[in-house]
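The next block holds one structure in the form of structure tokens; read it before the comments.
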Amino acid sequence: MDNSKINQKGSVLKFVLLGAIGILLFFFPIINGQIPVVFLVNNLEILLGNVIDYIVLISTIVLAVTYLMAKLGSNKKLKEFYKSSGVAQGILYVMAAIIVVMLTFNIGPAPLLDPDVGGLVLSLAGTVLITVTIAGWLVIFITKSGIVDFIGILIEPIMRPLYKLPGEAAVNAITGFVSNAAVGVYFTNSLYEDNVYTEKETISVLTNFSVCSIGFFGVLVSMGEIVHLYSQVVLTSLIVTFIMGMIVIRIPPISHKRNIYRDGTEQTKETLKEKKSLNQQSGSRFKRAIGTASAKSEELTVEAFFGSLKDALIFGQSIVGYVLSIGAIALLLAEYTPLFDYLGKPMIPILNFFGLENAAAIAPATLIGITEISLPAILVAGQGIAESSVFFIVVLSSVQIINFSESAMAMLGVDVPLNVGELVIMFIIRTLIAIPIVALITSFLF
């Protein structure tokens, strides 16, 4: 038999096996009713116990110290590593290190040491670190196995007209659901770096599909005390996310972004037509999908596998720095000031209009999600609020996408023209669009 045919069959087999591993790891609840990645994260957290707090402590101190060394010292490797980290990020890193020291050794102001503030933020930091490390490491079975390319080519005809995105965005769009919002951002950035997405497409995916993970939905329903509604929450969030994507991508500020690739090439109608023409000339869509996926699978080597772990650890470390600093500030404001109560007042008539129970009580929770995704669920838990309204808030918080304790900060780390002001505007737009959609579905379910 021709060696080229043998190699081709080997590549196809590699794609099928690695792709199957990726799908099983992230999509199928095959271990005690849990998705394997979620199972690994949960059990690693149980195994490590309180040790996680010390891992977070060491990780955050190392982050702050190396950042300061990079900016104040002469180490070229550190300077290169932190070249894209500005002063604001450095302040957050140092603040996080100070906060975690106080929390770990129980020293500092009482409000910070409050279990509902410091205890919660430290717990969140540990969860984020473990989740991003495990999911970010294993997501290589999705990104490098060829499954993204395979589905991307097959679904391209749907993604373009509905979302103005290439087919690869189909898998990218559900990566957050199956792993973590920050991992979704990481995945999106990888495709931008590879010139798969333009600036506009990258921002579209970042701000519309960087959702929380299926595992974290468990955290949200647990905090909101509606665990029995887990499947309804996940399904509703998935449906609303994809409905909203079709709307938000077509309006400012996203509609005003440039369709320029990382290498400076402009995406035009002509280039899209040429790409479509080449695809049509190169055989059936399925055959092309198999061929492209098989070639991509060759990138998943042992070296790449362990390199993915290193990248995930680095990424998780930086995100934890944001969780500790911004999360602590947000929780202090929520617990000890009336700020979010005031911010929620304009939302009361809107919620009343859509017939939501306990509108005044849940109003602050509609906006506090911009700081941290779990805060809305925390605010409405144990307050005697109608179950339907708790369901509404949990789903709403999951589809708002943008929060400055994790996803938004990760988005700002991607090298595309996206700033804090635009993210705030997008959060408000998403909230206003989501409220009637989620309220309608809530009325059907309750």
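As shown in the structure tokens, the chain order sets the letters A, B, ...; within each chain, residues go from 1, and ligands are also counted from 1 in the order they appear.
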
What are the closest atom pairs, with distances in Å to one decimal, for each residue of region 199-317 of chain A lying within 12 Å of region 104-126 of chain A, using only C-alpha atoms, rows by chain and rising residue number, as a tab-separated table?
```
residue	atom	partner	partner_atom	distance
A:Phe216	CA	A:Leu124	CA	10.6
A:Val219	CA	A:Leu124	CA	10.1
A:Leu220	CA	A:Leu124	CA	11.8
A:Met223	CA	A:Leu120	CA	11.3
A:Gly316	CA	A:Ala125	CA	9.5
A:Gln317	CA	A:Ala125	CA	9.5
```

(message) Need the shell around region 424-429 of chain A: protein/DNA/RNA residues with any atom at most 8 Å away, counting only C-alpha atoms. Skip same-chain ones fewer than 5 positions apart. Format as a VMD selection string?
(response) chain A and resid 207 248 253 370 400 to 402

(message) Using only C-alpha atoms, can you tell me which of A:Tyr336, A:Ile314, A:Ser210, A:Ser325 comes closest to Ala408 (chain A)?
(response)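 Answer, going by the shortest atom-to-atom distance: A:Ser210.
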
(request) Tell me which of A:Val128, A:Ile98, A:Ile147, A:Leu68 sits closest to Leu300 (chain A), counting only C-alpha atoms. (result)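 Ranked by minimum distance to Leu300 (chain A), first place goes to A:Ile147.
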
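Counting only C-alpha atoms and comparing A:Val171, A:Ser398, A:Tyr192, A:Ile140, the residue that lies closest to Ile155 (chain A) is A:Val171.
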
(message) Can you measure CA of Asn189 (chain A) to CA of Ile130 (chain A) for me? One decimal in Å is fine.
(response) 20.7 Å

(request) With a distance cut-off of 9 Å and only C-alpha atoms, select the neighbouring residues of Ile350 (chain A), excluding the residue or stretch itself and same-chain residues fewer than 5 positions from it, and output the selection as a PyMOL selection string. (result) chain A and resi 355+359+435

(request) Have a look at A:Gly90, A:Pro36, A:Gly184, A:Gly152 and name the one nearest to Met69 (chain A); count only C-alpha atoms. (result) A:Gly90

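If you measure from each of A:Leu63, A:Ala96, A:Leu351, A:Leu44 to Leu432 (chain A) using only C-alpha atoms, the closest one turns out to be A:Leu351.
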
(message) Just checking: using only C-alpha atoms, which residue out of A:Met102, A:Glu303, A:Met95, A:Thr292 ends up closest to Ile329 (chain A)?
(response)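 Using only C-alpha atoms, Ile329 (chain A) sits closest to A:Met95.
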
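The interatomic distance for the pair CA of Leu78 (chain A) and CA of Val132 (chain A) works out to 22.5 Å.
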
(message) Excluding Ile368 (chain A) and its own-chain neighbours fewer than 5 positions away, which residues fall within 9 Å of it when counting only C-alpha atoms? Please give them as a list in words.
(response)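 After dropping sequence-adjacent residues, the list is Ala330, Ala334, Phe340, Leu343, Gly344, Ile373, Leu375, Pro376, Ser397 and Asn403 of chain A.
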
Just to be explicit: take each residue in the selection above, keep N, CA, C and O atoms, and write the result as a PDB file, in the first residue's frame.
```
ATOM      1  N   ALA A 330     -15.497  44.311  44.861  1.00  0.00           N
ATOM      2  CA  ALA A 330     -16.920  44.202  44.520  1.00  0.00           C
ATOM      3  C   ALA A 330     -17.736  43.687  45.698  1.00  0.00           C
ATOM      4  O   ALA A 330     -18.826  44.196  45.991  1.00  0.00           O
ATOM      5  N   ALA A 334     -20.717  45.494  47.792  1.00  0.00           N
ATOM      6  CA  ALA A 334     -22.040  44.873  47.866  1.00  0.00           C
ATOM      7  C   ALA A 334     -22.501  44.677  49.305  1.00  0.00           C
ATOM      8  O   ALA A 334     -23.675  44.865  49.621  1.00  0.00           O
ATOM      9  N   PHE A 340     -25.053  49.230  45.069  1.00  0.00           N
ATOM     10  CA  PHE A 340     -25.798  48.416  44.117  1.00  0.00           C
ATOM     11  C   PHE A 340     -27.305  48.530  44.315  1.00  0.00           C
ATOM     12  O   PHE A 340     -28.078  48.330  43.383  1.00  0.00           O
ATOM     13  N   LEU A 343     -28.044  51.520  42.267  1.00  0.00           N
ATOM     14  CA  LEU A 343     -27.932  51.188  40.844  1.00  0.00           C
ATOM     15  C   LEU A 343     -29.115  50.349  40.370  1.00  0.00           C
ATOM     16  O   LEU A 343     -29.532  50.433  39.211  1.00  0.00           O
ATOM     17  N   GLY A 344     -29.675  49.559  41.275  1.00  0.00           N
ATOM     18  CA  GLY A 344     -30.772  48.678  40.899  1.00  0.00           C
ATOM     19  C   GLY A 344     -32.122  49.351  40.787  1.00  0.00           C
ATOM     20  O   GLY A 344     -33.044  48.824  40.149  1.00  0.00           O
ATOM     21  N   ILE A 373     -19.688  37.122  38.504  1.00  0.00           N
ATOM     22  CA  ILE A 373     -20.845  36.380  38.018  1.00  0.00           C
ATOM     23  C   ILE A 373     -21.653  35.708  39.122  1.00  0.00           C
ATOM     24  O   ILE A 373     -22.863  35.519  38.992  1.00  0.00           O
ATOM     25  N   LEU A 375     -22.152  36.901  42.199  1.00  0.00           N
ATOM     26  CA  LEU A 375     -22.766  37.851  43.131  1.00  0.00           C
ATOM     27  C   LEU A 375     -24.286  37.935  43.003  1.00  0.00           C
ATOM     28  O   LEU A 375     -24.977  38.023  44.027  1.00  0.00           O
ATOM     29  N   PRO A 376     -24.867  37.939  41.792  1.00  0.00           N
ATOM     30  CA  PRO A 376     -26.325  37.990  41.708  1.00  0.00           C
ATOM     31  C   PRO A 376     -26.996  36.838  42.453  1.00  0.00           C
ATOM     32  O   PRO A 376     -27.979  37.043  43.178  1.00  0.00           O
ATOM     33  N   SER A 397     -27.544  36.353  34.889  1.00  0.00           N
ATOM     34  CA  SER A 397     -26.126  36.561  35.211  1.00  0.00           C
ATOM     35  C   SER A 397     -25.220  35.736  34.306  1.00  0.00           C
ATOM     36  O   SER A 397     -24.108  36.159  33.970  1.00  0.00           O
ATOM     37  N   ASN A 403     -17.980  40.212  33.088  1.00  0.00           N
ATOM     38  CA  ASN A 403     -17.792  40.521  34.508  1.00  0.00           C
ATOM     39  C   ASN A 403     -16.316  40.788  34.750  1.00  0.00           C
ATOM     40  O   ASN A 403     -15.448  40.118  34.180  1.00  0.00           O
TER      41      ASN A 403
END
```

(request) Return as a PyMOL selection string the full set of residues in region 206-343 of chain A whose backbone-based DSSP assignment is helix (DSSP H, G or I). (result) chain A and resi 206-209+214-223+227-248+254-256+269-281+285-297+302-336+339-343

(request) If you run DSSP over the backbone, which residues in region 94-285 of chain A end up strand (DSSP E or B)? Put them as an NGL selection string. (result) :A and (198 or 260-261 or 266)

Could those residues be written to a file, using N, CA and C atoms, as a CSV table (one decimal), in the first residue's frame?
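Once everything was written out, this is again-v2.csv:
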```
chain,number,residue,atom,x,y,z
A,198,THR,N,-10.9,37.8,12.4
A,198,THR,CA,-10.5,39.2,12.3
A,198,THR,C,-10.7,39.9,13.7
A,260,ILE,N,-10.2,43.2,10.2
A,260,ILE,CA,-8.8,43.1,9.9
A,260,ILE,C,-8.2,41.9,10.6
A,261,TYR,N,-7.4,41.1,9.9
A,261,TYR,CA,-6.8,39.9,10.6
A,261,TYR,C,-5.5,40.4,11.3
A,266,GLU,N,-7.0,42.6,5.3
A,266,GLU,CA,-8.4,43.0,5.4
A,266,GLU,C,-9.3,41.9,4.9
```

(request) Quick one: pull the distance between CA of Leu92 (chain A) and CA of Gly321 (chain A), Å, one decimal. (result)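 Between these atoms lies a distance of 6.6 Å.
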
Selection: 9 Å around Met411 (chain A), only C-alpha atoms, excl. self and same-chain fewer than 5 positions, as a PDB file with N, CA and C atoms, in the first residue's frame:
```
ATOM      1  N   ALA A 182     -12.908  32.053  30.962  1.00  0.00           N
ATOM      2  CA  ALA A 182     -11.533  32.471  30.694  1.00  0.00           C
ATOM      3  C   ALA A 182     -10.877  31.559  29.667  1.00  0.00           C
ATOM      4  N   VAL A 185     -12.032  32.591  26.322  1.00  0.00           N
ATOM      5  CA  VAL A 185     -11.264  33.763  25.868  1.00  0.00           C
ATOM      6  C   VAL A 185      -9.907  33.315  25.350  1.00  0.00           C
ATOM      7  N   TYR A 186      -9.285  32.409  26.077  1.00  0.00           N
ATOM      8  CA  TYR A 186      -7.972  31.875  25.701  1.00  0.00           C
ATOM      9  C   TYR A 186      -8.050  31.207  24.322  1.00  0.00           C
ATOM     10  N   ASN A 189      -8.524  33.822  21.580  1.00  0.00           N
ATOM     11  CA  ASN A 189      -7.261  34.508  21.319  1.00  0.00           C
ATOM     12  C   ASN A 189      -6.344  33.656  20.441  1.00  0.00           C
ATOM     13  N   ILE A 203     -13.752  40.036  18.690  1.00  0.00           N
ATOM     14  CA  ILE A 203     -14.538  40.773  19.687  1.00  0.00           C
ATOM     15  C   ILE A 203     -15.961  40.229  19.752  1.00  0.00           C
ATOM     16  N   LEU A 206     -15.664  36.959  21.712  1.00  0.00           N
ATOM     17  CA  LEU A 206     -15.296  37.237  23.105  1.00  0.00           C
ATOM     18  C   LEU A 206     -16.489  37.715  23.918  1.00  0.00           C
ATOM     19  N   THR A 207     -17.219  38.672  23.380  1.00  0.00           N
ATOM     20  CA  THR A 207     -18.264  39.346  24.156  1.00  0.00           C
ATOM     21  C   THR A 207     -19.638  38.689  24.053  1.00  0.00           C
ATOM     22  N   ILE A 402     -20.143  39.524  30.526  1.00  0.00           N
ATOM     23  CA  ILE A 402     -19.039  40.404  30.916  1.00  0.00           C
ATOM     24  C   ILE A 402     -19.037  40.651  32.415  1.00  0.00           C
ATOM     25  N   GLU A 406     -13.361  38.195  36.107  1.00  0.00           N
ATOM     26  CA  GLU A 406     -12.762  37.125  35.315  1.00  0.00           C
ATOM     27  C   GLU A 406     -12.836  37.380  33.813  1.00  0.00           C
ATOM     28  N   VAL A 416      -6.703  43.018  20.920  1.00  0.00           N
ATOM     29  CA  VAL A 416      -7.662  43.602  19.972  1.00  0.00           C
ATOM     30  C   VAL A 416      -8.152  44.926  20.551  1.00  0.00           C
ATOM     31  N   LEU A 418     -10.273  46.809  22.286  1.00  0.00           N
ATOM     32  CA  LEU A 418     -11.426  46.644  23.167  1.00  0.00           C
ATOM     33  C   LEU A 418     -11.068  47.260  24.509  1.00  0.00           C
TER      34      LEU A 418
END
```
